Each structure stands twice: as C-alpha cells, then as structure tokens.
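Notes follow the structure.
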Amino acid sequence: MLEEYAHLRIELKKLGLKKRKKIMGELNLGSIIYIYKETDISQAQFNKLEYIRDTDPSQFDLIESGEKTVREVYLALKEMIKK
C-alpha cells in the first residue's frame, strides 16, 4: 500500500498543473486526501503502516501472511517501544 501511495504521488507530480487540477479538482498535492481516496486507505491506516515501516519493516510479513492485522502489529510495536 505504501508503494502504491508513493507511485500515485510521483505520477501526479509528473502531470502538468492543468491536468493535475482536472484530475484532483481543488485539491493540491499537499492535500493527500485525494491519494488516500484513490488507494482506498484511511489516513490513520496509512500512518500505522508508515510507523511499522519505520520501526520494524520485517513485521510486514506477519501482515501479508494474515497472521496479524496492521492494528495488531502497530500496537505491539508501540508497546515494545514503551518498555
């Protein structure tokens, strides 16, 4: 998901201003609501994924395998950091 977000942002940056405005309407690249909408991910979920990536990216294997949810991994990492 993070890669999809990054790819979409890069592709939008490549567009000229007129084309970008036509696609995004009044939103600009600083307003990433458009990208959240297009990637079908909430801002909170995206923030958790970024936290996991920055803290312990190996945990993505647990999420991808279905062993744990994003929330479970996120909370476990937060708890581990507190200790």
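So you can find residues: chains in the structure tokens are A, B, ... in the order shown, residues in each start at 1, and ligands are numbered from 1 in order.
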
Exercise for the section: Can you list, as a PyMOL selection string, all residues belonging to chain A that DSSP tags as helix (DSSP H, G or I)? Expected result: chain A and resi 2-14+17-24+33-39+43-55+57-65+70-82

Practice task
For each of A:Glu4, A:Asp56, A:Asp61, A:Glu11, take the minimum atom-to-atom distance to Ile41 in chain A, counting only C-alpha atoms, then give the residue where this is smallest.
Solution key: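 Between A:Glu4, A:Asp56, A:Asp61, A:Glu11, the residue approaching Ile41 in chain A most closely is A:Glu4.
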
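From CA of Tyr36 in chain A back to CA of Val73 in chain A, the distance works out to 21.0 Å.
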
Problem - A:Ala76, A:Ile63, A:Leu49, A:Leu15 ranked by distance to Glu3 in chain A, top pick (using only C-alpha atoms) - result: A:Leu49
